[in-house]
Amino acid sequence: MVSDVLPTGWFGAKLAQVSQGDTVLVLGAGVVGQCAVASAKRQGASRVLVVDDHADRLAVARAQNAEPIDFGVEDPVSAVRELTGGIGVDRVIEAVGVDAQRPHSGPAAAELPVDTGTFEAERGAAATEGNTGDGQWLVGDAPSLALRWAVNAVAKAGSIGIVGVYPPDFDAFPVGAVTNRNLTVQGGNCNHRRYVPGLLGRVARGDLDPTRFITRLAEPVAAIAAYQQFDLRREGWLKTVVTMTGGA
């Protein structure tokens with residue numbers, strides 16, 4: 001956990017410039033998003049909101065005293081505005097990336113920041129050979145959605161940290177809104193070695209416990225089946241660890 005997802009979440013909070021007393025929005029309640037919630041709190045956030053549409057993942061975020069927003073039920077940007085008195089959050093950590101799935105019903109589906117044709121064009125460019133039907137290894141049907149929600153949900157002069165994964169040639173980004181709202185945006189791949197020593201110290205002291213996000217254990221012989229379940233985002237498959245339980 002400390003070699004991968006926890007440093008990424010910590011890095012996301014650093015990129016977002018989280019500081020004392022900030023209200024922070026985390027987009028994505030997967031394991032990196034959960035680590036981002038924990039990291040934002042340790043870096044001074046007084047309030048953390050989390051957006052996802054999987055009830056089990058939102059429940060894990062709620063257990064960290066984060067405020068869940070289910071985009072399958074409500075429009076996340078409107079919800080953020082309501083929860084912040086119309087201002088927006090100070091910081092956003094985007095932990096979704098190009099695999100974002102758009103809502104297909106409810107208020108959020110009616111308030112998409114761009115039309116579905118735009119998302120379809122983005123998906124075709126981002127994953128030319130990907131599965132755009134259904135079932136296993138499905139690519140996101142709204143590649144820029146998390147970025148657009150981030151820009152619309154943050155307060156003027158706020159900041160956004162991007163740790164979601166995007167291909168090098170992905171170029172769909174609302175730069176006009178960013179410049180006109182005086183936003184600071186940073187993104188990147190985490191330099192894990194920079195953060196591992198300090199995070200190991202926090203884990204040793206009991207300040208952080210990333211093992212709380214491990215929801216499944218699998219033997220090596222079951223690794224492929226486990227990854228298939230994780231890919232489908234089945235309930236309870238937040239983070240799986242492949243572990244050796246027998247033999248010499």
# chains A, B, ... in the order shown; residues from 1 in each chain; ligands from 1

$ residues_around --residues "Trp149 (chain A)" --least-positions-apart "6" --cutoff "9 Å" --atoms "only C-alpha atoms" --output "compact mmCIF listing (two decimals) with all heavy atoms, in the first residue's frame"
# COMPACT_ATOMS: atom_id res chain seq x y z
N LEU A 27 -12.60 13.52 -6.23
CA LEU A 27 -13.38 12.87 -7.28
C LEU A 27 -12.87 11.45 -7.46
O LEU A 27 -11.72 11.24 -7.85
CB LEU A 27 -13.26 13.65 -8.58
CG LEU A 27 -13.93 15.03 -8.59
CD1 LEU A 27 -13.48 15.84 -9.79
CD2 LEU A 27 -15.44 14.89 -8.57
N PRO A 76 -23.18 16.33 -8.95
CA PRO A 76 -22.14 16.63 -7.97
C PRO A 76 -21.76 18.10 -7.88
O PRO A 76 -21.47 18.60 -6.79
CB PRO A 76 -20.95 15.78 -8.44
CG PRO A 76 -21.22 15.48 -9.86
CD PRO A 76 -22.70 15.43 -10.00
N VAL A 77 -21.76 18.80 -9.00
CA VAL A 77 -21.40 20.22 -8.96
C VAL A 77 -22.45 21.01 -8.19
O VAL A 77 -22.13 21.85 -7.34
CB VAL A 77 -21.23 20.78 -10.39
CG1 VAL A 77 -20.98 22.28 -10.34
CG2 VAL A 77 -20.08 20.07 -11.10
N LEU A 112 -24.94 17.34 -17.69
CA LEU A 112 -23.58 17.06 -18.14
C LEU A 112 -22.93 18.34 -18.68
O LEU A 112 -23.58 19.15 -19.35
CB LEU A 112 -23.60 16.00 -19.23
CG LEU A 112 -23.94 14.57 -18.78
CD1 LEU A 112 -24.07 13.67 -20.00
CD2 LEU A 112 -22.90 14.03 -17.82
N PRO A 113 -21.65 18.55 -18.40
CA PRO A 113 -20.99 19.79 -18.83
C PRO A 113 -20.84 19.92 -20.34
O PRO A 113 -20.68 21.04 -20.85
CB PRO A 113 -19.63 19.73 -18.13
CG PRO A 113 -19.43 18.29 -17.81
CD PRO A 113 -20.77 17.72 -17.57

$ residues_around --residues "region 194-206 of chain A" --least-positions-apart "5" --cutoff "12 Å" --atoms "only C-alpha atoms" --output "list in words"
Met1, Val2, Ser3, Asp4, Val5, Leu6, Pro7, Thr8, Gly9, Trp10, Phe11, Gly12, Lys14, Cys35, Ala38, Ser39, Arg42, Thr211 and Arg212 of chain A

$ atom_distance --atom1 "CA of Ala222 (chain A)" --atom2 "CA of Trp237 (chain A)"
14.0 Å

$ closest_residue --among "A:Gln136, A:Gln34, A:Gln229, A:Gln20" --to "Ser46 (chain A)" --atoms "only C-alpha atoms"
A:Gln20

$ select_by_dssp --residues "region 75-196 of chain A" --states "strand (DSSP E)" --output "number ranges by chain"
A: 89-94, 154-162, 184-187

$ write_last_selection --atoms "N, CA, C and O atoms" --output "short mmCIF file (atom, residue, chain, number, x, y, z; two decimals), in the first residue's frame"
data_model
loop_
_atom_site.label_atom_id
_atom_site.label_comp_id
_atom_site.auth_asym_id
_atom_site.auth_seq_id
_atom_site.Cartn_x
_atom_site.Cartn_y
_atom_site.Cartn_z
N VAL A 89 -15.52 24.38 -3.51
CA VAL A 89 -14.48 23.92 -2.60
C VAL A 89 -13.17 24.67 -2.86
O VAL A 89 -12.94 25.22 -3.94
N ASP A 90 -12.30 24.67 -1.87
CA ASP A 90 -10.99 25.32 -2.02
C ASP A 90 -10.07 24.53 -2.94
O ASP A 90 -9.33 25.10 -3.74
N ARG A 91 -10.12 23.20 -2.80
CA ARG A 91 -9.20 22.33 -3.53
C ARG A 91 -9.96 21.12 -4.08
O ARG A 91 -10.94 20.66 -3.48
N VAL A 92 -9.46 20.58 -5.19
CA VAL A 92 -10.01 19.35 -5.75
C VAL A 92 -8.87 18.39 -6.04
O VAL A 92 -7.84 18.78 -6.59
N ILE A 93 -9.06 17.13 -5.66
CA ILE A 93 -8.14 16.05 -6.04
C ILE A 93 -8.89 15.16 -7.03
O ILE A 93 -9.90 14.55 -6.67
N GLU A 94 -8.40 15.09 -8.26
CA GLU A 94 -9.05 14.30 -9.30
C GLU A 94 -8.36 12.93 -9.35
O GLU A 94 -7.23 12.80 -9.79
N VAL A 154 -14.76 23.73 -8.11
CA VAL A 154 -13.80 24.44 -7.28
C VAL A 154 -14.15 25.92 -7.23
O VAL A 154 -14.74 26.47 -8.18
N ALA A 155 -13.80 26.58 -6.15
CA ALA A 155 -14.05 28.01 -6.01
C ALA A 155 -13.12 28.81 -6.91
O ALA A 155 -12.07 28.31 -7.35
N LYS A 156 -13.48 30.04 -7.19
CA LYS A 156 -12.59 30.92 -7.95
C LYS A 156 -11.26 31.04 -7.23
O LYS A 156 -11.21 31.15 -6.00
N ALA A 157 -10.18 31.01 -8.00
CA ALA A 157 -8.81 31.07 -7.48
C ALA A 157 -8.44 29.83 -6.68
O ALA A 157 -7.45 29.83 -5.95
N GLY A 158 -9.23 28.75 -6.81
CA GLY A 158 -8.91 27.50 -6.15
C GLY A 158 -7.87 26.71 -6.93
O GLY A 158 -7.32 27.17 -7.93
N SER A 159 -7.59 25.49 -6.46
CA SER A 159 -6.56 24.69 -7.11
C SER A 159 -7.00 23.24 -7.25
O SER A 159 -7.79 22.73 -6.45
N ILE A 160 -6.48 22.60 -8.28
CA ILE A 160 -6.84 21.23 -8.64
C ILE A 160 -5.58 20.40 -8.79
O ILE A 160 -4.62 20.82 -9.45
N GLY A 161 -5.57 19.21 -8.19
CA GLY A 161 -4.47 18.26 -8.35
C GLY A 161 -4.98 17.03 -9.08
O GLY A 161 -5.97 16.43 -8.66
N ILE A 162 -4.33 16.67 -10.16
CA ILE A 162 -4.78 15.55 -11.00
C ILE A 162 -3.83 14.37 -10.84
O ILE A 162 -2.65 14.45 -11.20
N THR A 184 -5.54 27.22 -10.40
CA THR A 184 -4.23 26.58 -10.48
C THR A 184 -4.45 25.09 -10.67
O THR A 184 -5.16 24.46 -9.89
N VAL A 185 -3.84 24.52 -11.70
CA VAL A 185 -4.01 23.10 -12.01
C VAL A 185 -2.64 22.45 -12.11
O VAL A 185 -1.77 22.92 -12.85
N GLN A 186 -2.46 21.38 -11.36
CA GLN A 186 -1.23 20.60 -11.44
C GLN A 186 -1.58 19.12 -11.57
O GLN A 186 -2.55 18.65 -10.98
N GLY A 187 -0.79 18.41 -12.35
CA GLY A 187 -1.01 16.98 -12.48
C GLY A 187 0.31 16.28 -12.71
O GLY A 187 1.30 16.90 -13.10
#

$ atom_distance --atom1 "CA of Glu67 (chain A)" --atom2 "CA of Leu49 (chain A)"
4.6 Å

$ residues_around --residues "region 166-174 of chain A" --least-positions-apart "2" --cutoff "10 Å" --atoms "only C-alpha atoms" --output "PyMOL selection string"
chain A and resi 96-99+118-119+122-123+125-127+143-145+147-148+151-152+162-164+176-179+188

$ write_last_selection --atoms "C-alpha atoms" --output "PDB file, in the first residue's frame"
ATOM      1  CA  VAL A  96     -10.600   9.190 -11.691  1.00  0.00           C
ATOM      2  CA  GLY A  97      -8.812   9.694 -14.987  1.00  0.00           C
ATOM      3  CA  VAL A  98      -9.742   8.774 -18.515  1.00  0.00           C
ATOM      4  CA  ASP A  99     -11.855   5.788 -17.429  1.00  0.00           C
ATOM      5  CA  THR A 118     -18.360  15.215 -27.306  1.00  0.00           C
ATOM      6  CA  PHE A 119     -17.709  12.420 -24.833  1.00  0.00           C
ATOM      7  CA  GLU A 122     -13.119  11.804 -26.692  1.00  0.00           C
ATOM      8  CA  ARG A 123     -13.538   8.091 -26.044  1.00  0.00           C
ATOM      9  CA  ALA A 125      -9.595   9.287 -29.520  1.00  0.00           C
ATOM     10  CA  ALA A 126      -8.487   8.063 -26.084  1.00  0.00           C
ATOM     11  CA  ALA A 127      -9.112   4.354 -26.610  1.00  0.00           C
ATOM     12  CA  PRO A 143     -13.012  10.652 -20.467  1.00  0.00           C
ATOM     13  CA  SER A 144     -12.955  14.348 -19.524  1.00  0.00           C
ATOM     14  CA  LEU A 145     -15.912  14.330 -17.133  1.00  0.00           C
ATOM     15  CA  LEU A 147     -11.765  17.189 -15.156  1.00  0.00           C
ATOM     16  CA  ARG A 148     -14.837  19.220 -16.098  1.00  0.00           C
ATOM     17  CA  VAL A 151     -13.145  22.894 -12.794  1.00  0.00           C
ATOM     18  CA  ASN A 152     -16.826  23.632 -12.182  1.00  0.00           C
ATOM     19  CA  ILE A 162      -4.777  15.552 -10.999  1.00  0.00           C
ATOM     20  CA  VAL A 163      -3.573  12.008 -10.258  1.00  0.00           C
ATOM     21  CA  GLY A 164      -6.094  10.245 -12.493  1.00  0.00           C
ATOM     22  CA  GLY A 176     -11.069  28.605 -20.966  1.00  0.00           C
ATOM     23  CA  ALA A 177     -12.872  28.075 -17.679  1.00  0.00           C
ATOM     24  CA  VAL A 178      -9.546  27.519 -15.908  1.00  0.00           C
ATOM     25  CA  THR A 179      -8.061  30.817 -17.047  1.00  0.00           C
ATOM     26  CA  GLY A 188       1.574  14.261 -12.714  1.00  0.00           C
TER      27      GLY A 188
END

$ select_by_dssp --residues "region 19-136 of chain A" --states "helix (DSSP H, G or I)" --output "PyMOL selection string"
chain A and resi 31-42+55-63+76-83+106-110+116-126

$ atom_distance --atom1 "CA of Gln101 (chain A)" --atom2 "CA of Asp141 (chain A)"
5.2 Å

$ closest_residue --among "A:Leu238, A:Ala142, A:Leu217, A:Val26" --to "His54 (chain A)" --atoms "only C-alpha atoms"
A:Leu238
